[in-house]
>>> print(open('protein_23.csv').read())   # CSV, C-alpha atoms and all ligand atoms
chain,number,residue,atom,x,y,z
A,44,MET,CA,-3.4,-4.9,12.8
A,45,SER,CA,-1.6,-8.2,12.3
A,46,GLU,CA,-2.1,-9.8,8.9
A,47,THR,CA,0.0,-11.9,6.6
A,48,ILE,CA,-0.7,-11.0,3.0
A,49,LEU,CA,-0.1,-12.8,-0.2
A,50,VAL,CA,-0.2,-10.5,-3.3
A,51,LEU,CA,-0.8,-12.4,-6.6
A,52,GLY,CA,0.3,-10.4,-9.6
A,53,ALA,CA,2.7,-8.2,-7.6
A,54,SER,CA,4.8,-7.2,-10.6
A,55,GLY,CA,2.0,-5.6,-12.5
A,56,GLN,CA,1.1,-1.9,-12.6
A,57,ILE,CA,-1.1,-1.8,-9.4
A,58,GLY,CA,0.5,-4.9,-7.8
A,59,ASN,CA,3.9,-3.3,-7.6
A,60,GLU,CA,2.9,-0.1,-5.8
A,61,LEU,CA,0.3,-1.8,-3.7
A,62,THR,CA,2.8,-4.4,-2.5
A,63,GLN,CA,5.3,-1.6,-1.5
A,64,LYS,CA,2.6,0.3,0.4
A,65,LEU,CA,1.3,-2.9,2.1
A,66,ARG,CA,4.9,-3.6,3.3
A,67,THR,CA,5.1,-0.2,4.9
A,68,VAL,CA,1.7,-0.7,6.6
A,69,TYR,CA,2.0,-4.4,7.7
A,70,GLY,CA,5.8,-4.9,7.8
A,71,ASN,CA,8.1,-6.2,5.0
A,72,ASN,CA,8.1,-9.8,6.1
A,73,ASN,CA,4.3,-10.0,6.4
A,74,VAL,CA,3.7,-9.2,2.7
A,75,ILE,CA,4.6,-12.0,0.3
A,76,ALA,CA,4.9,-10.7,-3.2
A,77,SER,CA,4.3,-13.2,-6.0
A,78,ASP,CA,4.0,-13.2,-9.8
A,79,ILE,CA,4.4,-15.5,-12.7
A,80,ARG,CA,7.7,-13.6,-13.5
A,81,GLU,CA,10.3,-12.0,-11.3
A,82,GLY,CA,9.6,-8.5,-9.8
A,83,ASN,CA,11.9,-5.5,-9.8
A,84,ALA,CA,15.0,-5.6,-7.5
A,85,ASP,CA,13.3,-3.6,-4.8
A,86,MET,CA,10.3,-5.9,-4.5
A,87,MET,CA,12.5,-9.0,-4.6
A,88,THR,CA,14.8,-7.8,-1.8
A,89,SER,CA,12.4,-5.8,0.5
A,90,GLY,CA,10.4,-8.8,1.5
A,91,PRO,CA,9.5,-12.4,0.6
A,92,PHE,CA,8.9,-13.1,-3.1
A,93,GLU,CA,7.6,-16.3,-4.8
A,94,ILE,CA,7.0,-17.3,-8.4
A,95,ILE,CA,3.3,-18.3,-8.5
A,96,ASP,CA,0.9,-18.8,-11.4
A,97,ALA,CA,-2.4,-17.2,-10.1
A,98,THR,CA,-4.5,-20.0,-11.8
A,99,ASP,CA,-2.6,-22.7,-9.8
A,100,LYS,CA,-4.7,-23.2,-6.7
A,101,GLU,CA,-2.6,-25.9,-5.3
A,102,THR,CA,0.6,-23.8,-5.3
A,103,ILE,CA,-1.3,-20.9,-3.8
A,104,LEU,CA,-2.5,-23.2,-1.0
A,105,LYS,CA,1.0,-24.4,-0.4
A,106,MET,CA,2.2,-20.8,0.0
A,107,VAL,CA,-0.8,-19.9,2.2
A,108,LYS,CA,0.3,-22.8,4.5
A,109,LYS,CA,4.0,-22.0,4.3
A,110,TYR,CA,3.5,-18.3,5.4
A,111,ASP,CA,0.3,-18.6,7.4
A,112,VAL,CA,-1.4,-16.2,5.0
A,113,THR,CA,-4.6,-14.5,6.3
A,114,GLN,CA,-5.4,-12.3,3.3
A,115,VAL,CA,-4.9,-12.7,-0.5
A,116,TYR,CA,-4.9,-9.7,-2.9
A,117,LEU,CA,-5.5,-11.2,-6.4
A,118,LEU,CA,-4.2,-8.7,-8.9
A,119,ALA,CA,-3.2,-10.9,-11.8
A,120,ALA,CA,-5.5,-10.3,-14.8
A,121,MET,CA,-5.5,-9.7,-18.5
A,122,LEU,CA,-6.7,-6.2,-19.3
A,123,SER,CA,-9.2,-4.9,-21.9
A,124,ALA,CA,-7.2,-4.4,-25.1
A,125,THR,CA,-5.1,-7.6,-24.8
A,126,ALA,CA,-8.2,-9.6,-23.8
A,127,GLU,CA,-9.9,-8.7,-27.1
A,128,LYS,CA,-6.9,-10.4,-28.9
A,129,PHE,CA,-6.8,-13.5,-26.6
A,130,PRO,CA,-10.4,-14.0,-25.4
A,131,GLN,CA,-10.1,-17.6,-24.2
A,132,LYS,CA,-6.8,-17.0,-22.4
A,133,ALA,CA,-8.3,-13.8,-20.8
A,134,TRP,CA,-11.4,-15.7,-19.6
A,135,ASP,CA,-9.2,-18.6,-18.2
A,136,LEU,CA,-6.8,-16.3,-16.4
A,137,ASN,CA,-9.4,-13.9,-15.0
A,138,MET,CA,-11.9,-16.5,-13.9
A,139,THR,CA,-9.8,-19.5,-12.8
A,140,SER,CA,-7.6,-17.4,-10.6
A,141,LEU,CA,-10.7,-15.8,-8.9
A,142,LEU,CA,-12.6,-19.0,-8.3
A,143,GLY,CA,-9.5,-20.7,-6.9
A,144,VAL,CA,-8.9,-17.9,-4.4
A,145,LEU,CA,-12.6,-17.7,-3.5
A,146,ASP,CA,-12.5,-21.5,-2.8
A,147,LEU,CA,-9.5,-21.1,-0.5
A,148,ALA,CA,-11.5,-18.6,1.5
A,149,LYS,CA,-14.6,-20.8,1.5
A,150,GLU,CA,-12.4,-23.7,2.8
A,151,LYS,CA,-11.2,-21.3,5.6
A,152,HIS,CA,-7.6,-21.4,4.6
A,153,ILE,CA,-7.7,-17.5,4.4
A,154,LYS,CA,-9.8,-14.9,6.0
A,155,GLN,CA,-10.1,-12.1,3.5
A,156,VAL,CA,-9.8,-11.6,-0.3
A,157,TYR,CA,-9.3,-8.5,-2.4
A,158,TRP,CA,-10.1,-8.7,-6.1
A,159,PRO,CA,-10.3,-5.7,-8.5
A,160,SER,CA,-13.2,-5.1,-10.8
A,161,SER,CA,-13.3,-2.3,-13.4
A,162,ILE,CA,-15.4,0.3,-15.1
A,163,ALA,CA,-15.3,-2.2,-17.9
A,164,VAL,CA,-18.3,-3.9,-16.3
A,165,PHE,CA,-20.4,-1.2,-17.9
A,166,GLY,CA,-21.3,-1.1,-21.5
A,167,PRO,CA,-22.8,1.0,-24.3
A,168,THR,CA,-26.3,0.9,-22.8
A,169,THR,CA,-25.1,2.2,-19.4
A,170,PRO,CA,-25.8,5.9,-18.6
A,171,LYS,CA,-22.5,7.6,-19.5
A,172,GLU,CA,-22.5,10.4,-16.9
A,173,ASN,CA,-22.6,10.0,-13.2
A,174,THR,CA,-23.0,6.3,-13.7
A,175,PRO,CA,-24.5,5.0,-10.5
A,176,GLN,CA,-23.6,1.9,-8.5
A,177,LYS,CA,-26.6,0.0,-9.7
A,178,THR,CA,-27.5,0.5,-13.4
A,179,ILE,CA,-27.7,-1.2,-16.7
A,180,MET,CA,-24.7,-3.4,-17.2
A,181,GLU,CA,-24.2,-5.0,-20.6
A,182,PRO,CA,-20.4,-5.1,-21.2
A,183,SER,CA,-19.3,-5.5,-24.8
A,184,THR,CA,-15.7,-6.6,-24.1
A,185,VAL,CA,-14.3,-10.0,-23.0
A,186,TYR,CA,-12.5,-8.2,-20.1
A,187,GLY,CA,-15.8,-6.5,-19.0
A,188,ILE,CA,-17.7,-9.8,-19.2
A,189,SER,CA,-15.1,-11.5,-17.0
A,190,LYS,CA,-15.2,-8.6,-14.5
A,191,LEU,CA,-19.0,-8.6,-14.3
A,192,SER,CA,-19.1,-12.4,-13.9
A,193,GLY,CA,-16.4,-12.1,-11.3
A,194,GLU,CA,-18.3,-9.5,-9.3
A,195,PHE,CA,-21.3,-11.8,-9.1
A,196,TRP,CA,-19.1,-14.8,-8.1
A,197,CYS,CA,-17.7,-12.6,-5.2
A,198,ASN,CA,-21.3,-11.7,-4.2
A,199,TYR,CA,-22.3,-15.4,-4.4
A,200,TYR,CA,-19.4,-16.6,-2.2
A,201,HIS,CA,-20.2,-13.9,0.3
A,202,GLU,CA,-23.9,-14.7,0.5
A,203,LYS,CA,-23.7,-18.5,0.4
A,204,PHE,CA,-20.5,-19.2,2.3
A,205,GLY,CA,-19.8,-16.0,4.2
A,206,VAL,CA,-16.5,-15.3,2.3
A,207,ASP,CA,-15.2,-11.8,3.2
A,208,VAL,CA,-14.3,-10.7,-0.3
A,209,ARG,CA,-14.1,-7.0,-1.2
A,210,SER,CA,-13.7,-5.2,-4.6
A,211,ILE,CA,-13.5,-1.9,-6.4
A,212,ARG,CA,-14.4,-1.0,-9.9
A,213,TYR,CA,-11.1,0.7,-10.8
A,214,PRO,CA,-11.2,3.5,-13.4
A,215,GLY,CA,-8.0,4.0,-15.5
A,216,ILE,CA,-5.1,4.1,-13.0
A,217,ILE,CA,-2.3,6.5,-13.8
A,218,SER,CA,1.2,5.8,-12.4
A,219,TRP,CA,4.8,6.7,-13.1
A,220,LYS,CA,6.7,3.9,-11.3
A,221,THR,CA,5.3,1.0,-13.2
A,222,LYS,CA,3.7,1.1,-16.7
A,223,PRO,CA,0.4,-0.7,-17.3
A,224,GLY,CA,0.1,-3.2,-20.1
A,225,GLY,CA,-2.8,-4.1,-22.4
A,226,GLY,CA,-5.4,-1.6,-21.2
A,227,THR,CA,-7.5,1.0,-23.0
A,228,THR,CA,-6.7,3.8,-20.4
A,229,ASP,CA,-2.9,3.2,-20.8
A,230,TYR,CA,-2.6,6.3,-23.0
A,231,ALA,CA,-2.9,8.5,-19.9
A,232,VAL,CA,0.3,6.9,-18.6
A,233,ASP,CA,2.2,6.7,-21.9
A,234,ILE,CA,1.6,10.3,-22.7
A,235,TYR,CA,3.7,11.5,-19.7
A,236,PHE,CA,6.7,9.3,-20.7
A,237,LYS,CA,6.5,10.3,-24.4
A,238,ALA,CA,6.1,14.0,-23.5
A,239,LEU,CA,9.4,14.0,-21.6
A,240,GLU,CA,11.3,11.6,-23.9
A,241,GLU,CA,10.1,12.8,-27.3
A,242,GLY,CA,8.1,15.9,-26.9
A,243,ASN,CA,5.2,14.5,-28.7
A,244,TYR,CA,2.6,11.7,-28.5
A,245,GLU,CA,0.3,10.0,-30.9
A,246,CYS,CA,-2.8,9.1,-29.0
A,247,PHE,CA,-4.8,5.9,-29.9
A,248,LEU,CA,-8.1,7.5,-28.6
A,249,SER,CA,-9.7,10.6,-30.1
A,250,GLU,CA,-9.3,14.0,-28.5
A,251,LYS,CA,-12.8,14.2,-26.9
A,252,THR,CA,-12.9,10.7,-25.4
A,253,ARG,CA,-13.7,11.3,-21.7
A,254,LEU,CA,-12.9,8.5,-19.3
A,255,PRO,CA,-12.9,8.1,-15.5
A,256,MET,CA,-9.3,8.1,-14.1
A,257,MET,CA,-7.4,8.1,-10.8
A,258,PHE,CA,-3.8,8.6,-9.7
A,259,MET,CA,-2.1,5.4,-8.4
A,260,ASP,CA,-1.6,6.8,-4.8
A,261,ASP,CA,-5.4,7.3,-4.5
A,262,ALA,CA,-6.1,3.8,-5.9
A,263,VAL,CA,-3.7,2.1,-3.5
A,264,ASN,CA,-5.0,4.1,-0.5
A,265,ALA,CA,-8.6,3.2,-1.4
A,266,THR,CA,-7.8,-0.4,-1.7
A,267,ILE,CA,-6.2,-0.7,1.7
A,268,GLN,CA,-8.9,1.5,3.2
A,269,LEU,CA,-11.6,-0.8,1.9
A,270,MET,CA,-9.8,-3.9,3.2
A,271,GLN,CA,-9.4,-2.3,6.6
A,272,ALA,CA,-13.1,-1.3,6.8
A,273,LYS,CA,-15.3,-3.0,9.4
A,274,PRO,CA,-17.1,-5.9,7.7
A,275,GLU,CA,-20.5,-4.4,8.6
A,276,ASP,CA,-19.6,-1.2,6.7
A,277,VAL,CA,-18.8,-3.1,3.5
A,278,LYS,CA,-22.4,-3.2,2.2
A,279,VAL,CA,-21.6,-3.8,-1.5
A,280,ARG,CA,-20.2,-7.3,-2.1
A,281,THR,CA,-20.1,-7.2,-5.9
A,282,ALA,CA,-17.7,-4.2,-6.3
A,283,TYR,CA,-17.8,-0.5,-5.4
A,284,ASN,CA,-17.9,2.3,-7.9
A,285,LEU,CA,-14.8,4.5,-7.3
A,286,ALA,CA,-14.2,7.9,-8.8
A,287,ALA,CA,-11.6,10.7,-8.6
A,288,ILE,CA,-11.1,12.6,-11.9
A,289,ASP,CA,-12.2,12.4,-15.5
A,290,PHE,CA,-10.6,14.0,-18.6
A,291,THR,CA,-10.1,13.7,-22.3
A,292,PRO,CA,-6.8,13.3,-24.2
A,293,GLU,CA,-7.1,16.9,-25.2
A,294,GLU,CA,-7.4,18.1,-21.6
A,295,ILE,CA,-4.5,16.0,-20.3
A,296,ALA,CA,-2.3,17.3,-23.2
A,297,LEU,CA,-3.2,20.9,-22.2
A,298,GLU,CA,-2.2,20.2,-18.6
A,299,ILE,CA,1.1,18.7,-19.7
A,300,LYS,CA,1.7,21.8,-22.0
A,301,LYS,CA,1.6,24.0,-18.9
A,302,HIS,CA,4.9,22.3,-17.8
A,303,LEU,CA,6.3,21.5,-21.3
A,304,PRO,CA,5.0,24.2,-23.6
A,305,ASP,CA,6.5,22.6,-26.8
A,306,PHE,CA,4.6,19.3,-26.2
A,307,LYS,CA,2.5,18.2,-29.2
A,308,ILE,CA,-0.3,15.6,-29.4
A,309,SER,CA,-1.8,14.0,-32.5
A,310,TYR,CA,-4.7,11.5,-32.7
A,311,LYS,CA,-4.9,8.1,-34.5
A,312,PRO,CA,-7.7,6.1,-32.9
A,313,ASP,CA,-7.5,2.4,-33.3
A,314,PHE,CA,-9.6,-0.6,-32.1
A,315,ARG,CA,-9.3,0.7,-28.5
A,316,GLN,CA,-11.6,3.6,-29.4
A,317,GLU,CA,-14.6,1.3,-29.6
A,318,ILE,CA,-13.8,-0.1,-26.1
A,319,ALA,CA,-13.4,3.4,-24.7
A,320,ASP,CA,-16.7,4.5,-26.3
A,321,SER,CA,-18.5,1.7,-24.5
A,322,TRP,CA,-17.4,2.8,-21.1
A,323,PRO,CA,-18.8,5.6,-18.9
A,324,SER,CA,-17.2,9.1,-18.8
A,325,ILE,CA,-18.0,10.0,-15.2
A,326,ILE,CA,-18.6,7.6,-12.3
A,327,ASP,CA,-20.8,8.3,-9.3
A,328,ASP,CA,-19.2,6.7,-6.3
A,329,PHE,CA,-21.6,7.8,-3.6
A,330,GLU,CA,-21.7,4.4,-1.9
A,331,ALA,CA,-17.9,4.2,-1.4
A,332,ARG,CA,-17.8,7.7,0.1
A,333,LYS,CA,-20.8,6.9,2.4
A,334,ASP,CA,-19.9,3.3,3.5
A,335,TRP,CA,-16.2,3.6,4.2
A,336,ASN,CA,-15.4,7.3,3.8
A,337,TRP,CA,-13.6,7.3,0.5
A,338,GLN,CA,-12.0,10.6,-0.5
A,339,HIS,CA,-9.6,11.1,-3.3
A,340,LYS,CA,-6.6,13.5,-3.0
A,341,PHE,CA,-5.3,14.1,-6.5
A,342,ASN,CA,-6.8,16.1,-9.4
A,343,LEU,CA,-5.5,16.4,-12.9
A,344,GLU,CA,-3.3,19.4,-12.0
A,345,THR,CA,-1.7,17.9,-8.9
A,346,MET,CA,-1.3,14.5,-10.5
A,347,THR,CA,0.5,16.0,-13.5
A,348,LYS,CA,2.8,18.0,-11.4
A,349,GLU,CA,3.7,15.0,-9.2
A,350,ILE,CA,4.3,12.7,-12.2
A,351,LEU,CA,6.4,15.1,-14.2
A,352,THR,CA,8.5,16.1,-11.2
A,353,ASN,CA,9.3,12.5,-10.4
A,354,LEU,CA,9.9,11.4,-14.0
A,355,LYS,CA,12.4,14.3,-14.5
A,356,LYS,CA,14.5,13.1,-11.6
A,401,LIG,C1,-8.1,-1.1,-18.9
A,401,LIG,O1,-8.0,-0.1,-19.6
A,401,LIG,O2,-8.4,-2.2,-19.4
A,401,LIG,C2,-8.0,-1.0,-17.4
A,401,LIG,C3,-9.4,-0.8,-16.8
A,401,LIG,C4,-10.1,0.4,-16.9
A,401,LIG,O3,-9.8,-1.7,-16.1
A,401,LIG,N1,-7.2,0.1,-17.1
>>> encode(input="protein_23.csv", output="structure tokens", more="lines below")
Ligand code: AKB
Amino acid sequence: MSETILVLGASGQIGNELTQKLRTVYGNNNVIASDIREGNADMMTSGPFEIIDATDKETILKMVKKYDVTQVYLLAAMLSATAEKFPQKAWDLNMTSLLGVLDLAKEKHIKQVYWPSSIAVFGPTTPKENTPQKTIMEPSTVYGISKLSGEFWCNYYHEKFGVDVRSIRYPGIISWKTKPGGGTTDYAVDIYFKALEEGNYECFLSEKTRLPMMFMDDAVNATIQLMQAKPEDVKVRTAYNLAAIDFTPEEIALEIKKHLPDFKISYKPDFRQEIADSWPSIIDDFEARKDWNWQHKFNLETMTKEILTNLKK
């Protein structure tokens, strides 16, 4: 498949690993990484890199023309916890960047767009378990409001202008190569680092808070699989529910203890508890599995082993 891809927000948690994978799939020179700040040495040297503000449509267009870009992956966003502190900035970043890229597709400068949504589109009135694709959606966070609005903008551009935009409602994504920043599910990444570095972790969520989660490798594979699916198979043009695992802080701590028996966890819930309490615990992703054959590979046990083995190196 010959594509030239521009990744906006390539230095972030998902952007970093997605860019590396896209480079192995499509060729290093066919994947242009970009961010508002410089990336790590590997990203800057393994292929083209440009400094781009994702809200600056004119610069994005210049880069699209410079490299003959066919696809844009827009990963720049402000996550749930930070967005509660800077609501206006979060809305501006999350919405302006999306509308700019959708316009470039509408104007036929690019052929395909990927934009991530999140489980944050759901709210306290949503059924918590086996949350279906279509259900009550009344988000109570700024981030969730921006993601739900974004989903409907994607659907609108698809219906009205034939824009080929695809999206996934990511659960909490767990990685060891790049840390997330400003999210509510970040504890499930921090806990591994702290377990190895300090032998203990103070969790900002309570022990019984169950949330939907996924290992980074699964998230990256799902994203590329959705983008490679035949257009007629992509039946959901808001964003797909996507699930892999779900666990509580207590359960992840028990799993870590199997490798590090002295590890200790304590709990001090803060403002992020209310955000977590408003989200589902277990997602039903029937449509993604049916429409484009989604299957996850990692469970809590295999993910923990993989992360701790790599972090110990
Ligand atoms: C967050 O916690 O804000 C994100 C998300 C679930 O979208 N990881």
>>> closest_residue(input="protein_23.csv", among="A:Gly226, A:Pro312, A:Pro130, A:Pro214", to="Ile325 in chain A", atoms="only C-alpha atoms")
A:Pro214
>>> closest_residue(input="protein_23.csv", among="A:Ile217, A:Met180, A:Ile288, A:Met270", to="Phe258 in chain A", atoms="only C-alpha atoms")
A:Ile217
>>> atom_distance(input="protein_23.csv", atom1="CA of Pro167 in chain A", atom2="CA of Trp322 in chain A")
6.5 Å
>>> residues_near_ligand(input="protein_23.csv", ligand="ligand LIG 401 (chain A)", cutoff="6 Å", atoms="only C-alpha atoms and all ligand atoms", output="JSON, numbers by chain")
{"A": [122, 123, 161, 162, 163, 213, 214, 215, 226, 227, 228]}
>>> residues_near_point(input="protein_23.csv", point="(-6.4, -17.5, 3.8)", cutoff="7 Å", atoms="only C-alpha atoms", output="list in words")
Val107, Val112, Thr113, Gln114, Val115, Leu147, Ala148, Lys151, His152, Ile153, Lys154 and Gln155 of chain A
>>> closest_residue(input="protein_23.csv", among="A:Lys300, A:Ile267, A:Asp313, A:Leu343", to="Pro255 in chain A", atoms="all atoms listed in the file")
A:Leu343
>>> atom_distance(input="protein_23.csv", atom1="CA of Leu118 in chain A", atom2="CA of Gly187 in chain A")
15.5 Å
>>> residues_around(input="protein_23.csv", residues="range 89-95 of chain A", least_positions_apart="5", cutoff="10 Å", atoms="all atoms listed in the file", output="list in words")
Leu49, Val50, Leu51, Gly52, Ala53, Thr62, Gln63, Arg66, Gly70, Asn71, Asn72, Asn73, Val74, Ile75, Ala76, Ser77, Asp78, Ile79, Arg80, Glu81, Gly82, Ala84, Lys100, Thr102, Ile103, Met106 and Tyr110 of chain A
>>> closest_residue(input="protein_23.csv", among="A:Glu344, A:Glu293, A:Glu275, A:Glu349", to="Ser309 in chain A", atoms="all atoms listed in the file")
A:Glu293
>>> closest_residue(input="protein_23.csv", among="A:Asp305, A:Val68, A:Leu136, A:Leu269", to="Ala282 in chain A", atoms="all atoms listed in the file")
A:Leu269
>>> residues_near_point(input="protein_23.csv", point="(-5.7, -8.3, -26.1)", cutoff="12 Å", atoms="all atoms listed in the file", output="NGL selection string")
:A and (120-134 or 184-186 or 224-227 or 314-315 or 318)
>>> atom_distance(input="protein_23.csv", atom1="CA of Lys64 in chain A", atom2="CA of Val156 in chain A")
17.2 Å
>>> closest_residue(input="protein_23.csv", among="A:Lys203, A:His339, A:Lys307, A:Lys301", to="Lys237 in chain A", atoms="all atoms listed in the file")
A:Lys307
>>> decode(input="protein_23.csv", residues="range 209-227 of chain A", atoms="N, CA, C and O atoms", output="mmCIF file, in the first residue's frame")
data_model
loop_
_atom_site.group_PDB
_atom_site.id
_atom_site.type_symbol
_atom_site.label_atom_id
_atom_site.label_comp_id
_atom_site.auth_asym_id
_atom_site.auth_seq_id
_atom_site.Cartn_x
_atom_site.Cartn_y
_atom_site.Cartn_z
ATOM 1 N N ARG A 209 -11.822 8.203 10.206
ATOM 2 C CA ARG A 209 -12.030 6.995 11.015
ATOM 3 C C ARG A 209 -11.571 7.252 12.450
ATOM 4 O O ARG A 209 -10.594 7.971 12.655
ATOM 5 N N SER A 210 -12.247 6.608 13.394
ATOM 6 C CA SER A 210 -11.938 6.922 14.786
ATOM 7 C C SER A 210 -12.254 5.764 15.725
ATOM 8 O O SER A 210 -13.132 4.952 15.451
ATOM 9 N N ILE A 211 -11.524 5.745 16.823
ATOM 10 C CA ILE A 211 -11.679 4.728 17.873
ATOM 11 C C ILE A 211 -11.857 5.437 19.208
ATOM 12 O O ILE A 211 -11.174 6.428 19.484
ATOM 13 N N ARG A 212 -12.746 4.898 20.038
ATOM 14 C CA ARG A 212 -12.863 5.392 21.429
ATOM 15 C C ARG A 212 -11.849 4.629 22.267
ATOM 16 O O ARG A 212 -12.151 3.545 22.782
ATOM 17 N N TYR A 213 -10.634 5.200 22.406
ATOM 18 C CA TYR A 213 -9.599 4.501 23.167
ATOM 19 C C TYR A 213 -9.987 4.381 24.644
ATOM 20 O O TYR A 213 -10.451 5.348 25.247
ATOM 21 N N PRO A 214 -9.703 3.215 25.215
ATOM 22 C CA PRO A 214 -9.737 3.100 26.688
ATOM 23 C C PRO A 214 -8.411 3.665 27.228
ATOM 24 O O PRO A 214 -7.654 4.292 26.474
ATOM 25 N N GLY A 215 -8.076 3.456 28.477
ATOM 26 C CA GLY A 215 -6.764 3.863 28.996
ATOM 27 C C GLY A 215 -5.683 3.055 28.278
ATOM 28 O O GLY A 215 -5.791 1.835 28.205
ATOM 29 N N ILE A 216 -4.678 3.729 27.749
ATOM 30 C CA ILE A 216 -3.636 3.025 26.995
ATOM 31 C C ILE A 216 -2.378 2.920 27.864
ATOM 32 O O ILE A 216 -1.887 3.923 28.391
ATOM 33 N N ILE A 217 -1.868 1.686 27.979
ATOM 34 C CA ILE A 217 -0.748 1.442 28.885
ATOM 35 C C ILE A 217 0.511 1.149 28.095
ATOM 36 O O ILE A 217 0.532 0.261 27.232
ATOM 37 N N SER A 218 1.568 1.921 28.374
ATOM 38 C CA SER A 218 2.798 1.815 27.594
ATOM 39 C C SER A 218 3.997 1.876 28.524
ATOM 40 O O SER A 218 3.875 2.325 29.659
ATOM 41 N N TRP A 219 5.145 1.456 28.033
ATOM 42 C CA TRP A 219 6.367 1.607 28.832
ATOM 43 C C TRP A 219 7.419 2.447 28.112
ATOM 44 O O TRP A 219 8.363 2.914 28.720
ATOM 45 N N LYS A 220 7.245 2.685 26.793
ATOM 46 C CA LYS A 220 8.267 3.459 26.068
ATOM 47 C C LYS A 220 8.087 4.964 26.276
ATOM 48 O O LYS A 220 9.044 5.704 26.410
ATOM 49 N N THR A 221 6.837 5.412 26.246
ATOM 50 C CA THR A 221 6.555 6.838 26.454
ATOM 51 C C THR A 221 5.455 6.950 27.503
ATOM 52 O O THR A 221 4.457 6.242 27.439
ATOM 53 N N LYS A 222 5.649 7.876 28.453
ATOM 54 C CA LYS A 222 4.639 8.059 29.497
ATOM 55 C C LYS A 222 3.527 8.977 28.983
ATOM 56 O O LYS A 222 3.792 9.882 28.197
ATOM 57 N N PRO A 223 2.295 8.760 29.437
ATOM 58 C CA PRO A 223 1.218 9.681 29.069
ATOM 59 C C PRO A 223 1.324 10.949 29.905
ATOM 60 O O PRO A 223 2.153 11.017 30.820
ATOM 61 N N GLY A 224 0.488 11.923 29.637
ATOM 62 C CA GLY A 224 0.494 13.131 30.459
ATOM 63 C C GLY A 224 -0.899 13.705 30.539
ATOM 64 O O GLY A 224 -1.543 13.931 29.513
ATOM 65 N N GLY A 225 -1.386 13.910 31.758
ATOM 66 C CA GLY A 225 -2.643 14.640 31.931
ATOM 67 C C GLY A 225 -3.896 13.814 31.823
ATOM 68 O O GLY A 225 -4.996 14.361 31.742
ATOM 69 N N GLY A 226 -3.775 12.484 31.855
ATOM 70 C CA GLY A 226 -4.967 11.644 31.768
ATOM 71 C C GLY A 226 -5.368 11.081 33.118
ATOM 72 O O GLY A 226 -4.606 11.138 34.086
ATOM 73 N N THR A 227 -6.563 10.497 33.170
ATOM 74 C CA THR A 227 -7.077 9.892 34.403
ATOM 75 C C THR A 227 -6.627 8.437 34.516
ATOM 76 O O THR A 227 -6.506 7.898 35.606
#
